[in-house]
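> Before anything else, here's the structure in question.
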Amino acid sequence: MKKTTFITSLAVTTMIIISFVCFANKKINNTMIDRTDIYKIIHYASLAGSSHNTQPWRVEVFPNDSITIFVDTSRLLKVVDPRGIELFISVGAFIENLNIAANTLGYITEITINETNINSNSPVSIIKLSKISSVQNLEVLKELELRTTLRIPFETVAIKTVDLEKIVSIAPDNISFIPSSSPNGAFIAKKELEAYTIQAYNKDAQDELAAWMRFSNKDINSKRDGLTPAGMGIKGIAGFFVRNFMKPDDSKKESFVKKGVEKTQKQVENCAGWIIISTEEDNTKNLINIGRIYERINIECRSLNIGFHPMNQIIEEYPVYKEVKDKLKLGKEIRFIARIGYVDKYPAPVSKRRSVESFTVFK
Ligand SMILES: Cc1cc2nc3c(=O)[nH]c(=O)nc-3n(C[C@H](O)[C@H](O)[C@H](O)COP(=O)(O)O)c2cc1C
């Protein structure tokens with residue numbers, strides 16, 4: 001064979017091989033969920049609320065279009081949540097946001113929840129995504145962005161029946177509403193303050209809380225989790241002082257603790273009532289479901305201009321919990337309590353989130 005003919009046929013063969021490899025890769029890529037979409041979906045999932053803003057989730061994304069979710073037990077609140085009830089509820093809220101974001105971006109989801117516990121390394125959920133549409137409803141994504149916990153005083157005026165129906169219809173078997181003006185409403189307010197006060201003066205709970213306090217701008221922006229002055233509603237000059245001159249350990253001082261109790265008293269006195277989410281028993285499926293319900297109620301409340309403030313100390317302090325359970329006679333385990341009430345103006349969310357890369361592995 002002539003030298004030029006040999007070089008030409010070698011070049012042609014190389015080009016054919018390169019084209020084939022590119023084609024094969026393209027085919028593989030086509031079966032994979034869009035990287036931009038998956039990133040977005042996980043980001044929106046992470047906007048979910050979590051106890052102390054611990055964001056206790058880990059995620060693995062597989063090329064077969066499935067997402068595996070784990071509870072991150074290194075973020076367990078061992079003192080106030082030793083059994084991981086709030087850990088699983090928080091991951092449930094993450095799953096709810098993930099589902100909403102995926103649906104909004106045109107994916108249908110198949111969600112499997114595994115029975116697991118805080119000592120297990122197995123995934124709590126496997127979610128399979130399939131793209132069925134390119135239609136995107138950006139309004140829904142905006143709702144996920146706007147959802148937030150509000151710790152300001154709310155109006156005490158009664159919640160309109162039409163609004164209450166929208167909230168309770170999210171999960172009628174699990175949601176109860178107790179107006180503040182009722183004897184049971186007043187009882188919950190009293191017990192909430194009692195449970196908060198017990199916890200505020202508990203040395204171990206103080207240490208745990210301090211570990212999740214992010215006071216300085218440096219801490220807030222580098223850790224992107226935990227409770228910040230803005231998130232706790234400490235604004236203006238007080239916020240400036242806390243951010244610049246206080247350390248998380250200062251939150252254990254008597255003056256700070258006392259202010260927290262006073263603030264809580266104002267909170268329990270200023271609301272229209274209490275949302276209670278309950279369940280038959282504490283298994284993984286039920287707790288994940290409670291998290292999903294909580295997240296949906298919070299989103300709905302935001303769109304109705306109703307402030308939403310989880311206050312779970314009653315559940316965390318067992319003797320108080322027992323009293324409340326016996327008094328309310330719901331016949332179920334109470335697993336989430338929040339005060340609600342209309343607000344004049346809905347403040348924007350201020351709580352930080354970690355980056356998707358920091359808790360996600362793309363396999
Ligand atoms: C299971 C659970 C329990 C919570 N308990 C409380 C609580 O007792 N008091 C409180 O002020 N916030 C509570 N929160 C709200 C979180 O602190 C809040 O979601 C987190 O700081 C992130 O802020 P964001 O909801 O504004 O995004 C709870 C949230 C969850 C999911």
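Identifiers for the structure tokens are assigned positionally: chains receive A, B, ... in sequence, residues are indexed from 1 per chain, and ligands are indexed from 1 in the order shown.
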So which residues are near ligand 1, meaning at most 7 Å away with only C-alpha atoms and all ligand atoms counted, given back as a JSON list (two decimals) with all heavy atoms, in the first residue's frame?


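New file result_39.json:
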[["chain", "number", "residue", "atom", "x", "y", "z"],
["A", 47, "LEU", "N", -34.00, 23.47, 50.58],
["A", 47, "LEU", "CA", -34.62, 24.66, 51.18],
["A", 47, "LEU", "C", -35.65, 24.27, 52.25],
["A", 47, "LEU", "O", -36.24, 25.15, 52.89],
["A", 47, "LEU", "CB", -35.30, 25.51, 50.10],
["A", 47, "LEU", "CG", -34.38, 26.07, 49.00],
["A", 47, "LEU", "CD1", -35.17, 26.97, 48.06],
["A", 47, "LEU", "CD2", -33.22, 26.85, 49.60],
["A", 48, "ALA", "N", -35.86, 22.98, 52.45],
["A", 48, "ALA", "CA", -36.80, 22.51, 53.48],
["A", 48, "ALA", "C", -36.32, 22.92, 54.86],
["A", 48, "ALA", "O", -35.11, 23.08, 55.10],
["A", 48, "ALA", "CB", -36.91, 20.99, 53.41],
["A", 49, "GLY", "N", -37.27, 23.05, 55.77],
["A", 49, "GLY", "CA", -36.91, 23.35, 57.16],
["A", 49, "GLY", "C", -36.34, 22.10, 57.84],
["A", 49, "GLY", "O", -36.60, 20.97, 57.40],
["A", 50, "SER", "N", -35.56, 22.30, 58.89],
["A", 50, "SER", "CA", -35.05, 21.16, 59.67],
["A", 50, "SER", "C", -34.80, 21.64, 61.08],
["A", 50, "SER", "O", -34.55, 22.84, 61.30],
["A", 50, "SER", "CB", -33.75, 20.63, 59.05],
["A", 50, "SER", "OG", -32.77, 21.64, 59.00],
["A", 51, "SER", "N", -34.86, 20.71, 62.06],
["A", 51, "SER", "CA", -34.70, 21.13, 63.45],
["A", 51, "SER", "C", -33.31, 21.77, 63.65],
["A", 51, "SER", "O", -32.30, 21.20, 63.21],
["A", 51, "SER", "CB", -34.90, 19.95, 64.40],
["A", 51, "SER", "OG", -34.24, 18.82, 63.91],
["A", 52, "HIS", "N", -33.27, 22.93, 64.29],
["A", 52, "HIS", "CA", -32.04, 23.73, 64.48],
["A", 52, "HIS", "C", -31.33, 24.02, 63.15],
["A", 52, "HIS", "O", -30.13, 24.27, 63.14],
["A", 52, "HIS", "CB", -31.03, 23.02, 65.40],
["A", 52, "HIS", "CG", -31.37, 23.03, 66.87],
["A", 52, "HIS", "ND1", -32.62, 23.33, 67.37],
["A", 52, "HIS", "CD2", -30.59, 22.75, 67.97],
["A", 52, "HIS", "CE1", -32.59, 23.23, 68.70],
["A", 52, "HIS", "NE2", -31.38, 22.89, 69.09],
["A", 53, "ASN", "N", -32.04, 23.89, 62.05],
["A", 53, "ASN", "CA", -31.43, 24.04, 60.71],
["A", 53, "ASN", "C", -30.19, 23.15, 60.55],
["A", 53, "ASN", "O", -29.16, 23.56, 60.01],
["A", 53, "ASN", "CB", -31.06, 25.51, 60.44],
["A", 53, "ASN", "CG", -30.75, 25.78, 58.98],
["A", 53, "ASN", "OD1", -31.18, 25.04, 58.09],
["A", 53, "ASN", "ND2", -29.99, 26.81, 58.72],
["A", 86, "GLU", "N", -37.14, 14.02, 65.13],
["A", 86, "GLU", "CA", -37.08, 15.25, 64.35],
["A", 86, "GLU", "C", -36.11, 15.14, 63.19],
["A", 86, "GLU", "O", -36.25, 15.81, 62.17],
["A", 86, "GLU", "CB", -36.71, 16.43, 65.26],
["A", 86, "GLU", "CG", -37.76, 16.63, 66.33],
["A", 86, "GLU", "CD", -37.55, 17.87, 67.18],
["A", 86, "GLU", "OE1", -36.96, 18.85, 66.71],
["A", 86, "GLU", "OE2", -38.01, 17.85, 68.32],
["A", 87, "LEU", "N", -35.13, 14.25, 63.34],
["A", 87, "LEU", "CA", -34.18, 13.99, 62.25],
["A", 87, "LEU", "C", -34.93, 13.43, 61.04],
["A", 87, "LEU", "O", -34.79, 13.91, 59.92],
["A", 87, "LEU", "CB", -33.14, 12.98, 62.75],
["A", 87, "LEU", "CG", -32.00, 12.61, 61.82],
["A", 87, "LEU", "CD1", -30.84, 13.56, 62.04],
["A", 87, "LEU", "CD2", -31.52, 11.19, 62.09],
["A", 89, "ILE", "N", -38.20, 13.57, 60.55],
["A", 89, "ILE", "CA", -39.20, 14.55, 60.09],
["A", 89, "ILE", "C", -38.51, 15.56, 59.15],
["A", 89, "ILE", "O", -39.05, 15.92, 58.10],
["A", 89, "ILE", "CB", -39.87, 15.26, 61.29],
["A", 89, "ILE", "CG1", -40.74, 14.27, 62.07],
["A", 89, "ILE", "CG2", -40.69, 16.46, 60.83],
["A", 89, "ILE", "CD1", -41.40, 14.82, 63.32],
["A", 90, "SER", "N", -37.30, 15.98, 59.52],
["A", 90, "SER", "CA", -36.56, 16.95, 58.69],
["A", 90, "SER", "C", -36.26, 16.35, 57.32],
["A", 90, "SER", "O", -36.39, 17.03, 56.29],
["A", 90, "SER", "CB", -35.25, 17.35, 59.38],
["A", 90, "SER", "OG", -35.51, 17.92, 60.66],
["A", 93, "ALA", "N", -39.28, 16.43, 55.20],
["A", 93, "ALA", "CA", -39.51, 17.76, 54.60],
["A", 93, "ALA", "C", -38.65, 17.93, 53.35],
["A", 93, "ALA", "O", -39.09, 18.47, 52.33],
["A", 93, "ALA", "CB", -39.19, 18.85, 55.63],
["A", 147, "ARG", "N", -40.95, 29.87, 51.43],
["A", 147, "ARG", "CA", -41.33, 29.24, 52.70],
["A", 147, "ARG", "C", -40.31, 29.56, 53.78],
["A", 147, "ARG", "O", -39.11, 29.52, 53.53],
["A", 147, "ARG", "CB", -41.40, 27.71, 52.52],
["A", 147, "ARG", "CG", -41.85, 26.99, 53.79],
["A", 147, "ARG", "CD", -41.16, 25.64, 53.95],
["A", 147, "ARG", "NE", -39.73, 25.78, 54.03],
["A", 147, "ARG", "CZ", -39.07, 26.08, 55.14],
["A", 147, "ARG", "NH1", -39.69, 26.24, 56.28],
["A", 147, "ARG", "NH2", -37.74, 26.21, 55.12],
["A", 148, "THR", "N", -40.79, 29.88, 54.95],
["A", 148, "THR", "CA", -39.84, 30.18, 56.02],
["A", 148, "THR", "C", -40.51, 30.01, 57.38],
["A", 148, "THR", "O", -41.73, 30.05, 57.49],
["A", 148, "THR", "CB", -39.28, 31.62, 55.86],
["A", 148, "THR", "OG1", -38.36, 31.89, 56.90],
["A", 148, "THR", "CG2", -40.37, 32.69, 55.91],
["A", 149, "THR", "N", -39.69, 29.83, 58.41],
["A", 149, "THR", "CA", -40.18, 29.84, 59.78],
["A", 149, "THR", "C", -40.24, 31.29, 60.23],
["A", 149, "THR", "O", -39.30, 32.04, 60.00],
["A", 149, "THR", "CB", -39.16, 29.09, 60.69],
["A", 149, "THR", "OG1", -39.06, 27.74, 60.23],
["A", 149, "THR", "CG2", -39.57, 29.12, 62.15],
["A", 150, "LEU", "N", -41.34, 31.66, 60.86],
["A", 150, "LEU", "CA", -41.44, 33.04, 61.38],
["A", 150, "LEU", "C", -41.52, 33.01, 62.90],
["A", 150, "LEU", "O", -42.36, 32.29, 63.45],
["A", 150, "LEU", "CB", -42.70, 33.73, 60.83],
["A", 150, "LEU", "CG", -42.67, 34.27, 59.41],
["A", 150, "LEU", "CD1", -43.86, 35.19, 59.19],
["A", 150, "LEU", "CD2", -41.38, 35.02, 59.11],
["A", 151, "ARG", "N", -40.68, 33.81, 63.54],
["A", 151, "ARG", "CA", -40.68, 33.81, 65.02],
["A", 151, "ARG", "C", -41.21, 35.13, 65.58],
["A", 151, "ARG", "O", -41.09, 35.37, 66.77],
["A", 151, "ARG", "CB", -39.27, 33.49, 65.52],
["A", 151, "ARG", "CG", -38.84, 32.08, 65.09],
["A", 151, "ARG", "CD", -37.48, 31.68, 65.62],
["A", 151, "ARG", "NE", -37.17, 30.30, 65.27],
["A", 151, "ARG", "CZ", -36.52, 29.92, 64.18],
["A", 151, "ARG", "NH1", -36.12, 30.82, 63.30],
["A", 151, "ARG", "NH2", -36.29, 28.64, 63.93],
["A", 226, "GLY", "N", -27.41, 25.74, 60.86],
["A", 226, "GLY", "CA", -27.58, 26.22, 62.23],
["A", 226, "GLY", "C", -28.43, 27.48, 62.33],
["A", 226, "GLY", "O", -29.07, 27.90, 61.36],
["A", 227, "LEU", "N", -28.44, 28.06, 63.52],
["A", 227, "LEU", "CA", -29.33, 29.18, 63.81],
["A", 227, "LEU", "C", -28.55, 30.50, 63.86],
["A", 227, "LEU", "O", -27.59, 30.63, 64.61],
["A", 227, "LEU", "CB", -30.03, 28.94, 65.16],
["A", 227, "LEU", "CG", -30.87, 27.64, 65.18],
["A", 227, "LEU", "CD1", -31.28, 27.28, 66.60],
["A", 227, "LEU", "CD2", -32.10, 27.79, 64.30],
["A", 231, "GLY", "N", -32.14, 34.60, 61.69],
["A", 231, "GLY", "CA", -33.10, 33.49, 61.73],
["A", 231, "GLY", "C", -33.88, 33.46, 63.04],
["A", 231, "GLY", "O", -35.05, 33.11, 63.07],
["A", 291, "GLY", "N", -42.96, 14.81, 58.16],
["A", 291, "GLY", "CA", -42.09, 15.86, 57.60],
["A", 291, "GLY", "C", -42.67, 16.41, 56.31],
["A", 291, "GLY", "O", -42.64, 17.62, 56.06],
["A", 309, "HIS", "N", -44.76, 28.80, 62.84],
["A", 309, "HIS", "CA", -43.61, 28.70, 63.74],
["A", 309, "HIS", "C", -43.64, 27.37, 64.49],
["A", 309, "HIS", "O", -44.41, 27.21, 65.44],
["A", 309, "HIS", "CB", -43.66, 29.87, 64.74],
["A", 309, "HIS", "CG", -42.55, 29.84, 65.74],
["A", 309, "HIS", "ND1", -42.55, 30.63, 66.87],
["A", 309, "HIS", "CD2", -41.39, 29.13, 65.79],
["A", 309, "HIS", "CE1", -41.44, 30.40, 67.56],
["A", 309, "HIS", "NE2", -40.72, 29.48, 66.93],
["A", 310, "PRO", "N", -42.79, 26.40, 64.06],
["A", 310, "PRO", "CA", -42.73, 25.13, 64.81],
["A", 310, "PRO", "C", -42.27, 25.41, 66.23],
["A", 310, "PRO", "O", -41.34, 26.19, 66.44],
["A", 310, "PRO", "CB", -41.67, 24.32, 64.06],
["A", 310, "PRO", "CG", -41.52, 24.97, 62.72],
["A", 310, "PRO", "CD", -41.84, 26.42, 62.94],
["A", 311, "MET", "N", -42.93, 24.78, 67.20],
["A", 311, "MET", "CA", -42.50, 24.91, 68.61],
["A", 311, "MET", "C", -42.59, 23.51, 69.21],
["A", 311, "MET", "O", -43.60, 23.12, 69.76],
["A", 311, "MET", "CB", -43.40, 25.89, 69.37],
["A", 311, "MET", "CG", -43.31, 27.31, 68.85],
["A", 311, "MET", "SD", -44.17, 28.51, 69.90],
["A", 311, "MET", "CE", -42.83, 29.08, 70.94],
["A", 312, "ASN", "N", -41.50, 22.76, 69.06],
["A", 312, "ASN", "CA", -41.56, 21.34, 69.39],
["A", 312, "ASN", "C", -41.05, 20.99, 70.78],
["A", 312, "ASN", "O", -40.87, 19.82, 71.10],
["A", 312, "ASN", "CB", -40.77, 20.55, 68.33],
["A", 312, "ASN", "CG", -41.69, 20.04, 67.24],
["A", 312, "ASN", "OD1", -42.88, 20.34, 67.23],
["A", 312, "ASN", "ND2", -41.16, 19.25, 66.33],
["A", 313, "GLN", "N", -40.84, 22.01, 71.63],
["A", 313, "GLN", "CA", -40.27, 21.70, 72.96],
["A", 313, "GLN", "C", -41.19, 20.78, 73.76],
["A", 313, "GLN", "O", -40.71, 19.96, 74.53],
["A", 313, "GLN", "CB", -40.01, 22.99, 73.74],
["A", 313, "GLN", "CG", -38.73, 23.71, 73.35],
["A", 313, "GLN", "CD", -38.89, 24.48, 72.06],
["A", 313, "GLN", "OE1", -40.00, 24.76, 71.62],
["A", 313, "GLN", "NE2", -37.78, 24.82, 71.43],
["A", 336, "PHE", "N", -45.53, 16.94, 65.92],
["A", 336, "PHE", "CA", -45.15, 18.27, 65.44],
["A", 336, "PHE", "C", -46.17, 19.27, 65.95],
["A", 336, "PHE", "O", -47.37, 19.04, 65.84],
["A", 336, "PHE", "CB", -45.12, 18.29, 63.90],
["A", 336, "PHE", "CG", -44.26, 19.38, 63.33],
["A", 336, "PHE", "CD1", -42.95, 19.13, 62.96],
["A", 336, "PHE", "CD2", -44.76, 20.67, 63.18],
["A", 336, "PHE", "CE1", -42.15, 20.15, 62.44],
["A", 336, "PHE", "CE2", -43.97, 21.68, 62.66],
["A", 336, "PHE", "CZ", -42.67, 21.41, 62.28],
["A", 349, "PRO", "N", -37.21, 34.84, 53.65],
["A", 349, "PRO", "CA", -36.39, 33.84, 54.38],
["A", 349, "PRO", "C", -34.95, 34.34, 54.57],
["A", 349, "PRO", "O", -34.42, 35.02, 53.70],
["A", 349, "PRO", "CB", -36.39, 32.64, 53.43],
["A", 349, "PRO", "CG", -37.52, 32.86, 52.50],
["A", 349, "PRO", "CD", -37.71, 34.32, 52.39],
["A", 350, "VAL", "N", -34.37, 33.99, 55.69],
["A", 350, "VAL", "CA", -33.00, 34.46, 55.97],
["A", 350, "VAL", "C", -32.06, 33.30, 56.31],
["A", 350, "VAL", "O", -30.85, 33.49, 56.38],
["A", 350, "VAL", "CB", -32.97, 35.46, 57.15],
["A", 350, "VAL", "CG1", -33.54, 36.81, 56.73],
["A", 350, "VAL", "CG2", -33.72, 34.93, 58.36],
["A", 351, "SER", "N", -32.65, 32.11, 56.48],
["A", 351, "SER", "CA", -31.85, 30.99, 56.95],
["A", 351, "SER", "C", -30.99, 30.42, 55.80],
["A", 351, "SER", "O", -31.46, 30.26, 54.70],
["A", 351, "SER", "CB", -32.86, 29.98, 57.49],
["A", 351, "SER", "OG", -32.25, 28.82, 57.81]]

> Could you build a table of the residues in segment 107-172 of chain A lying no more than 9 Å from segment 257-269 of chain A, giving for each the nearest pair of atoms and their separation in Å rounded to one decimal place, using only C-alpha atoms, ordered by chain and ascending residue number, as CSV?


residue,atom,partner,partner_atom,distance
A:Arg151,CA,A:Gln267,CA,7.2
A:Ile152,CA,A:Gln267,CA,7.0
A:Pro153,CA,A:Gln267,CA,5.3
A:Phe154,CA,A:Gln267,CA,7.6
A:Thr156,CA,A:Glu269,CA,8.2

> Report as an NGL selection string all protein, DNA and RNA residues lying within 12 Å of segment 101-104 of chain A, evaluated on only C-alpha atoms, omitting residues in the same chain fewer than 4 positions from it.

:A and (33-34 or 36-48 or 65-67 or 94-97 or 108-111 or 127-145)

> Identify, on the basis of only C-alpha atoms, every residue whose closest approach to segment 244-247 of chain A does not exceed 9 Å; exclude the query and any residue fewer than 2 positions from it along the same chain; express the result as a CSV table (one decimal) with N, CA and C atoms, in the first residue's frame.


chain,number,residue,atom,x,y,z
A,210,ALA,N,-25.9,25.7,71.6
A,210,ALA,CA,-24.7,26.6,71.4
A,210,ALA,C,-23.9,26.1,70.2
A,213,MET,N,-25.4,27.4,67.1
A,213,MET,CA,-25.5,28.8,66.9
A,213,MET,C,-24.4,29.3,66.0
A,214,ARG,N,-24.8,30.2,65.0
A,214,ARG,CA,-23.9,30.8,64.1
A,214,ARG,C,-24.0,32.3,64.3
A,215,PHE,N,-23.1,32.9,65.0
A,215,PHE,CA,-23.2,34.3,65.4
A,215,PHE,C,-22.5,35.2,64.4
A,216,SER,N,-21.2,34.9,64.2
A,216,SER,CA,-20.4,35.9,63.4
A,216,SER,C,-20.7,35.7,61.9
A,217,ASN,N,-20.5,36.7,61.1
A,217,ASN,CA,-20.7,36.6,59.6
A,217,ASN,C,-19.9,35.5,59.0
A,239,GLY,N,-28.9,42.7,66.7
A,239,GLY,CA,-28.3,41.7,65.7
A,239,GLY,C,-26.9,42.1,65.4
A,240,PHE,N,-26.6,43.4,65.3
A,240,PHE,CA,-25.2,43.8,65.0
A,240,PHE,C,-24.3,43.4,66.2
A,241,PHE,N,-24.9,43.7,67.4
A,241,PHE,CA,-24.1,43.3,68.6
A,241,PHE,C,-23.8,41.8,68.7
A,242,VAL,N,-24.9,41.0,68.5
A,242,VAL,CA,-24.7,39.6,68.6
A,242,VAL,C,-23.7,39.1,67.5
A,249,ASP,N,-21.2,30.4,72.8
A,249,ASP,CA,-21.2,30.0,74.2
A,249,ASP,C,-21.9,31.1,75.1
A,250,ASP,N,-21.9,32.3,74.6
A,250,ASP,CA,-22.6,33.4,75.4
A,250,ASP,C,-24.1,33.1,75.4
A,251,SER,N,-24.6,32.3,74.5
A,251,SER,CA,-26.1,32.0,74.5
A,251,SER,C,-26.5,31.2,75.8

> Report, in Å to a single decimal, how far apart atom CA of Ala272 of chain A and atom CA of Ser181 of chain A are.

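Rounded to one decimal, the two atoms are 7.7 Å apart.
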
> Any idea what the distance is between atom CA of Gly273 of chain A and atom CA of Lys190 of chain A?

12.7 Å

> So the first atom is atom CA of Ile198 of chain A and the second is atom CA of Ile234 of chain A; what is the distance between them in Å, to one decimal place?

22.0 Å

> DSSP on the backbone, then: every residue of segment 28-81 of chain A marked helix (DSSP H, G or I), written as a list in words.

Ile28, Asn29, Asn30, Thr31, Arg35, Thr36, Asp37, Ile38, Tyr39, Lys40, Ile41, Ile42, His43, Tyr44, Ala45, Ser51, His52, Asn53, Thr73, Ser74 and Arg75 of chain A
